[in-house]
Amino acid sequence: MNLIALTLFYILAPYVILLLTRRYKILNRIGAVLLCYALGFVLGLTDILPEGSETVQDIITSGTVPLALPLLLFGTKISSWKSMAGKTFLSMFLAIIALVSLVVAAFILFGKDMENANQIGGLLVGLYTGGTPNLASIQTALEISPEIYLMVNTYDIMLSSIFLLIILSTGGKFLNWLLPKYKSMKLKNEEKNKEYKYQLNYNKENPDPYKHFFKKKYFKPFIIAILASILIAGISVGLSFIITGGISMLIVILSITSFSLAGSFIPKLNQAEKSFDGGMYLILVFSIAVASMVKLEDFMNISPTLFWFVTVVIFGSFLLHILFSAVLKIDSDTTLVTATAMICSPPFVPVVAGALKNKEIILPGLTVGIVGYAIGNYLGVLIAYGLDSLLRII
């Protein structure tokens, strides 16, 4: 009975947290993801979890990400990737080069003093190419321990918050001294407003994205999307059995990513408005469950070297990205919005665009983030295995 109650708690707690963030501004500023981690962390540090809770935790952490990933990717409009201006695509490419370069550099500096440094490098590449869903996916694919996953995520939240604060306060003005100023595309007002509205709706920049979730208009398409997610997860598990004779989370996650992107071409899946919100809700459930698996003694064994690893990657890759932009004369607004989409995730793009007073960069900025969501899993896993090979050389 206690385990049933625990399962219901994991499933329903994010809903309560979402209600609280809607009601209290201070909680809304903290964010639902961080609050879910905090709640799970408190559960893990206290001795209130019932005996056998590990089984429930394993089931939830293993099941939520494979189901969430398709829901997050069904809304991807791959055809819209071509709408990115050449300089935006180039900026994204340079940001990825800078990120991978700094991950490799940090790995060479700290790798010998850390366990599973190659996995941490893969996590960071996936995280700063896409976002938290990629972090969760790669953690599942590489079977990374919950304590390492949680510490990486904790340091990321702290350091990326500092990064965002710098960008919102002085970043734009400072970069205008180093990089060319943004030149307006001079869109017609009607087209400009249409694109801005589209982006806000697409990326769920909505004060209450779960409002009217159970209305037939939204709920029926969502049910179709969740059934498709279950089907994709089942096919991916079956494919893993065919290839390896068992369940390989690496094959499962990469297969789910590929099938989900293919599913985005199906109109009923691509146009399910609440699909993304449903996927993020599952990520919140995952966040509480995985955080509650961590015990106090786990943190005592983690070196502060991990903190410097993450610090070097975030700020080092941003500085290198700026250097690349200066050499190739990419404007400051494009550089900032690209860096924001990758380091802080797409939802922060409109925030930075507002601070820069430039709505035109929202469309390319969010498209960068969406592309990052799609490729983050592949790149993160690839880098993790590449760093493992590099460790044997150095």
# chains A, B, ... in the order shown; residues from 1 in each chain; ligands from 1
>>> residues_around(residues="segment 323-328 of chain A", least_positions_apart="5", cutoff="12 Å", atoms="only C-alpha atoms", output="PyMOL selection string")
chain A and resi 87-88+90-99+175-181+316-318+333-336+338-339
>>> residues_around(residues="Leu390 of chain A", least_positions_apart="2", cutoff="10 Å", atoms="only C-alpha atoms", output="CSV table (one decimal) with N, CA and C atoms, in the first residue's frame")
chain,number,residue,atom,x,y,z
A,104,VAL,N,36.2,18.7,-24.4
A,104,VAL,CA,37.4,17.9,-24.6
A,104,VAL,C,38.6,18.5,-23.7
A,107,PHE,N,37.9,17.8,-20.1
A,107,PHE,CA,38.2,16.3,-19.9
A,107,PHE,C,39.6,16.1,-19.8
A,108,ILE,N,40.5,16.7,-20.6
A,108,ILE,CA,41.9,16.5,-20.5
A,108,ILE,C,42.4,17.1,-19.2
A,111,GLY,N,39.8,14.9,-16.3
A,111,GLY,CA,39.3,13.6,-16.6
A,111,GLY,C,40.0,12.5,-15.7
A,118,ASN,N,34.0,10.7,-18.9
A,118,ASN,CA,33.5,10.7,-20.3
A,118,ASN,C,32.0,10.8,-20.3
A,384,ALA,N,30.5,11.0,-25.5
A,384,ALA,CA,30.8,10.2,-24.3
A,384,ALA,C,31.7,9.0,-24.7
A,385,TYR,N,31.4,8.4,-25.8
A,385,TYR,CA,32.2,7.2,-26.3
A,385,TYR,C,33.6,7.7,-26.8
A,386,GLY,N,33.5,8.9,-27.5
A,386,GLY,CA,34.8,9.4,-28.0
A,386,GLY,C,35.8,9.8,-26.9
A,387,LEU,N,35.2,10.4,-25.8
A,387,LEU,CA,36.1,10.7,-24.6
A,387,LEU,C,36.6,9.5,-23.9
A,388,ASP,N,35.8,8.4,-23.9
A,388,ASP,CA,36.3,7.2,-23.3
A,388,ASP,C,37.5,6.6,-24.1
A,392,ARG,N,42.0,6.5,-22.9
A,392,ARG,CA,43.0,5.5,-23.0
A,392,ARG,C,44.3,5.9,-23.7
A,393,ILE,N,44.1,7.0,-24.5
A,393,ILE,CA,45.3,7.6,-25.1
A,393,ILE,C,46.1,8.4,-24.2
A,394,ILE,N,45.4,9.3,-23.4
A,394,ILE,CA,46.1,10.2,-22.6
A,394,ILE,C,46.5,9.6,-21.2
>>> residues_around(residues="segment 25-34 of chain A", least_positions_apart="4", cutoff="9 Å", atoms="only C-alpha atoms", output="list in words")
Pro14, Ile17, Leu18, Leu20, Thr21, Ala38, Leu39, Thr154, Ile157, Ile283, Leu284, Ser287 and Ile288 of chain A
>>> write_last_selection(atoms="N, CA and C atoms", output="PDB file, in the first residue's frame")
ATOM      1  N   PRO A  14       4.106  16.816  -9.227  1.00  0.00           N
ATOM      2  CA  PRO A  14       4.382  17.905 -10.175  1.00  0.00           C
ATOM      3  C   PRO A  14       3.165  18.785 -10.447  1.00  0.00           C
ATOM      4  N   ILE A  17       2.960  21.244  -7.682  1.00  0.00           N
ATOM      5  CA  ILE A  17       4.026  22.238  -7.845  1.00  0.00           C
ATOM      6  C   ILE A  17       3.671  23.234  -8.943  1.00  0.00           C
ATOM      7  N   LEU A  18       3.096  22.764 -10.031  1.00  0.00           N
ATOM      8  CA  LEU A  18       2.674  23.657 -11.113  1.00  0.00           C
ATOM      9  C   LEU A  18       1.601  24.628 -10.642  1.00  0.00           C
ATOM     10  N   LEU A  20       1.274  25.712  -7.603  1.00  0.00           N
ATOM     11  CA  LEU A  20       1.930  26.671  -6.715  1.00  0.00           C
ATOM     12  C   LEU A  20       2.731  27.710  -7.495  1.00  0.00           C
ATOM     13  N   THR A  21       3.389  27.282  -8.576  1.00  0.00           N
ATOM     14  CA  THR A  21       4.154  28.238  -9.382  1.00  0.00           C
ATOM     15  C   THR A  21       3.228  29.227 -10.078  1.00  0.00           C
ATOM     16  N   ALA A  38      14.260  19.766  -5.915  1.00  0.00           N
ATOM     17  CA  ALA A  38      14.391  20.070  -4.481  1.00  0.00           C
ATOM     18  C   ALA A  38      13.507  19.144  -3.650  1.00  0.00           C
ATOM     19  N   LEU A  39      12.279  18.921  -4.109  1.00  0.00           N
ATOM     20  CA  LEU A  39      11.365  18.039  -3.388  1.00  0.00           C
ATOM     21  C   LEU A  39      11.912  16.617  -3.337  1.00  0.00           C
ATOM     22  N   THR A 154      22.515  20.163 -10.839  1.00  0.00           N
ATOM     23  CA  THR A 154      22.549  21.207  -9.813  1.00  0.00           C
ATOM     24  C   THR A 154      23.556  22.291 -10.162  1.00  0.00           C
ATOM     25  N   ILE A 157      22.254  24.380 -13.098  1.00  0.00           N
ATOM     26  CA  ILE A 157      21.229  25.368 -12.734  1.00  0.00           C
ATOM     27  C   ILE A 157      21.877  26.603 -12.110  1.00  0.00           C
ATOM     28  N   ILE A 283       8.868  14.683 -17.536  1.00  0.00           N
ATOM     29  CA  ILE A 283      10.216  15.047 -17.112  1.00  0.00           C
ATOM     30  C   ILE A 283      10.200  15.527 -15.663  1.00  0.00           C
ATOM     31  N   LEU A 284       9.132  16.222 -15.266  1.00  0.00           N
ATOM     32  CA  LEU A 284       9.004  16.660 -13.872  1.00  0.00           C
ATOM     33  C   LEU A 284       8.855  15.452 -12.939  1.00  0.00           C
ATOM     34  N   SER A 287      12.149  13.981 -12.591  1.00  0.00           N
ATOM     35  CA  SER A 287      13.022  14.817 -11.767  1.00  0.00           C
ATOM     36  C   SER A 287      12.862  14.502 -10.287  1.00  0.00           C
ATOM     37  N   ILE A 288      11.611  14.369  -9.835  1.00  0.00           N
ATOM     38  CA  ILE A 288      11.377  14.053  -8.424  1.00  0.00           C
ATOM     39  C   ILE A 288      11.916  12.661  -8.093  1.00  0.00           C
TER      40      ILE A 288
END
>>> closest_residue(among="A:Tyr37, A:Thr257, A:Val16, A:Lys173", to="Asn153 of chain A", atoms="only C-alpha atoms")
A:Tyr37
>>> select_by_dssp(residues="segment 93-302 of chain A", states="helix (DSSP H, G or I)", output="PyMOL selection string")
chain A and resi 93-113+117-129+132-142+146-178+189-202+216-244+249-263+267-270+275-291+296-300
>>> closest_residue(among="A:Ala225, A:Val313, A:Leu43, A:Ile362", to="Gln271 of chain A", atoms="only C-alpha atoms")
A:Ala225
>>> closest_residue(among="A:Gly245, A:Pro364, A:Gly372, A:Gly380", to="Gly86 of chain A", atoms="only C-alpha atoms")
A:Pro364
>>> atom_distance(atom1="atom CA of Ile251 of chain A", atom2="atom CA of Pro133 of chain A")
16.9 Å
>>> atom_distance(atom1="atom CA of Ile226 of chain A", atom2="atom CA of Ile247 of chain A")
21.6 Å
>>> atom_distance(atom1="atom CA of Ile266 of chain A", atom2="atom CA of Ala136 of chain A")
25.4 Å
>>> residues_around(residues="Gly75 of chain A", least_positions_apart="5", cutoff="9 Å", atoms="only C-alpha atoms", output="ChimeraX atom specification")
/A:202,261,264,269-273,275-276
>>> residues_around(residues="Thr46 of chain A", least_positions_apart="6", cutoff="12 Å", atoms="only C-alpha atoms", output="PyMOL selection string")
chain A and resi 39-40+292-296
>>> write_last_selection(atoms="C-alpha atoms", output="PDB file, in the first residue's frame")
ATOM      1  CA  LEU A  39      11.365  18.039  -3.388  1.00  0.00           C
ATOM      2  CA  GLY A  40      12.952  14.776  -4.502  1.00  0.00           C
ATOM      3  CA  SER A 292      14.880  11.074  -4.367  1.00  0.00           C
ATOM      4  CA  MET A 293      17.310   8.256  -5.202  1.00  0.00           C
ATOM      5  CA  VAL A 294      20.251  10.291  -3.947  1.00  0.00           C
ATOM      6  CA  LYS A 295      21.437   9.872  -0.369  1.00  0.00           C
ATOM      7  CA  LEU A 296      23.540  12.257   1.689  1.00  0.00           C
TER       8      LEU A 296
END
>>> residues_around(residues="Glu115 of chain A", least_positions_apart="4", cutoff="10 Å", atoms="only C-alpha atoms", output="list of chain:residue names")
A:Phe110, A:Gly111, A:Gln119, A:Ile120, A:Ile148, A:Ile302, A:Ser303, A:Leu306
